[in-house]
Amino acid sequence: YGIEYAKREGYEPDILPEKLLADQQFFSDLEAIKAEQPEQIQTIYNDVRKLKAETKKLKIEDRCFIRKPKCVTLLLEGLLLLLLLPLFLVACIPNALIFISPRILTRKLNDIMFYSSINFGFYILISIPIFYTLTFVLLWTVTKSILIALGYLIIIPFLGIFAWYYRKHFLHWLTGCRFYSLSGKAKLDDLIALRQRIFQSLDDLLT
């Protein structure tokens, strides 16, 4: 709803600074209304908590409500993911180790605000130098060709980016499949109705 609110107020939600300003204004408006109509706002908050809990339980995402997955689209995406799977497996070496290794430190942190900073520092200072160097040396040793080793070293970062987006789209695809499998079932219809009620209530209060 925040995206719709931002557009209605003249902000561009795809631009982060404007999205932040819109979010601040959105929550400021909610707090102002809460002071006058606390019961209505509390009802909306309760509905949002219920919607979040149920979607989490069903392992579906809010974006599926906006653009409902279609069978043909899911089949084509699944086929494409299958065709690209070998490249993804190649891209995971050594990039998977680079992304997994910082979790040794962050899994014991209670404050998630530090995750990004620690992960970034770990990537730059430790993971990337160590694993890229080991991969280069190993490939050079096996192939006996420094050109092949250097060539692979150059494309490793691009393979890492590919692997990251492949995993992201694969998870989105799984979510879409789960959402589609629930189509026509009462529990999904109830969530769709609940989400529409939340949006309508916010419209009534904010417009």
# chains A, B, ... in the order shown; residues from 1 in each chain; ligands from 1
>>> residues_around(residues="A:Leu205", least_positions_apart="5", cutoff="9 Å", atoms="only C-alpha atoms", output="list in words")
Leu30, Ile33, Gln40, Ile41 and Gln200 of chain A
>>> atom_distance(atom1="atom CA of A:Arg167", atom2="atom CA of A:Leu82")
12.1 Å
>>> atom_distance(atom1="atom CA of A:Lys168", atom2="atom CA of A:Leu85")
13.3 Å
>>> residues_around(residues="stretch 56-59 of chain A", least_positions_apart="3", cutoff="10 Å", atoms="only C-alpha atoms", output="list in words")
Lys50, Leu51, Lys52, Ala53, Asp62, Leu174, Thr175, Gly176, Arg178, Phe179, Leu182, Lys187 and Leu188 of chain A
>>> atom_distance(atom1="atom CA of A:Leu81", atom2="atom CA of A:Gly184")
26.7 Å
>>> closest_residue(among="A:Tyr132, A:Tyr11, A:Tyr152, A:Trp173", to="A:Arg63", atoms="only C-alpha atoms")
A:Trp173
>>> residues_around(residues="A:Glu18", least_positions_apart="4", cutoff="12 Å", atoms="only C-alpha atoms", output="ChimeraX atom specification")
/A:2-3,5-7,9-14,22-25
>>> closest_residue(among="A:Lys185, A:Leu206, A:Leu194, A:His169", to="A:Leu80", atoms="only C-alpha atoms")
A:His169
>>> closest_residue(among="A:Glu77, A:Glu4, A:Asp29, A:Glu54", to="A:Phe170", atoms="only C-alpha atoms")
A:Glu77
>>> closest_residue(among="A:Val137, A:Leu87, A:Ile198, A:Cys177", to="A:Ala149", atoms="only C-alpha atoms")
A:Val137
